[in-house]
Amino acid sequence: MNPSPIISAGGLHDLLGREDVRIFDVRGTWKSPAGALHDEYLDGHIPGAIFVDWTRDFLTQEQPLGLAPVCDQEAAAAAFKSLGVKDGDLCVLYDDYAHMLAGRVWWAMRYWGFANVRVLNGGWGYWKARGLAVSTDVPEVTQGSFQPQINSAVRVSLAELQERKALSCHMDARGPISYAGTAKDPRSGHIPGALHVHFNELLDPDTGLFLEADDMEKAFDRLAPDWRTRPVITSCGSGYAGTVPMMALNVLGVEASLYDGSFSEWKQGPSRPVEQS
């Protein structure tokens, strides 16, 4: 297994100042992606953190945001270079959006072969609640040298999903309204066979932390009973919330794959069926 996908606030605090630790602030919201919350980063962030624009880094730019897949190798190399990532580094990502933006970059970095990357458990909100160090200094970045290579095990394409989903445990991490769909929109709902594993079911509602491992197991047993015996594919609306169950599964020793096209891509094909519930 790769290292744990998450790191505690205390664990990260102990690593501050190390030259081989790269910290990335991935704050933002899906509803206002243009702002990307850079101003809030400037007002205060974890010491040493570099701002990552989740709408740009590791994301294809030639398509609408909701349909944009992970970037190609050339763009991935440019992102690693601009962010200063080198072989041997530990990269830590955090957001304030239920881990899904940091999770998307965590997944994209792993897809491009960088394994030593973690997401801050509880994100920016938990860090602040703990009263841990905050800085307004913007660090200088030395160009990185990591050379990306595809790790195909963590991603499935549309064609691969169609081929594998009947024999897989497919989890849809969206909220209940999106998953259920509405009769007013016949192309709303979910991919047939996808089980509803809302990302919030895996997080503590008071702290934003991932549940303890035993409680995550119970949640998966209740929502997707065959997660232990079948290959797991996660998805959501556009490939962001789906990384939350992916990280939770990784904690439990299960390597899932993300269908990053997710329902936004699936519903574009009029001949591809959708289910409502």
# chains A, B, ... in the order shown; residues from 1 in each chain; ligands from 1
>>> residues_around(residues="A:Glu140", least_positions_apart="4", cutoff="12 Å", atoms="only C-alpha atoms", output="PyMOL selection string")
chain A and resi 22+48-51+82-84
>>> residues_around(residues="A:Tyr259", least_positions_apart="3", cutoff="12 Å", atoms="only C-alpha atoms", output="MDAnalysis selection string")
chainID A and resid 67 69:70 104 107:108 111 152:162 164:165 170:173 191 194 232:243 246 256 262:266
>>> atom_distance(atom1="atom CA of A:Trp106", atom2="atom CA of A:Asp214")
23.3 Å
>>> residues_around(residues="A:Arg230", least_positions_apart="6", cutoff="9 Å", atoms="only C-alpha atoms", output="list in words")
Leu167, Ser168 and Cys169 of chain A
>>> select_by_dssp(residues="stretch 55-85 of chain A", states="alpha helix (DSSP H)", output="number ranges by chain")
A: 73-82
>>> closest_residue(among="A:Gly17, A:Pro270, A:Leu42, A:Tyr126", to="A:Ser188", atoms="only C-alpha atoms")
A:Pro270
>>> residues_around(residues="A:Leu15", least_positions_apart="5", cutoff="12 Å", atoms="only C-alpha atoms", output="number ranges by chain")
A: 7-10, 20-23, 46-48, 89-92
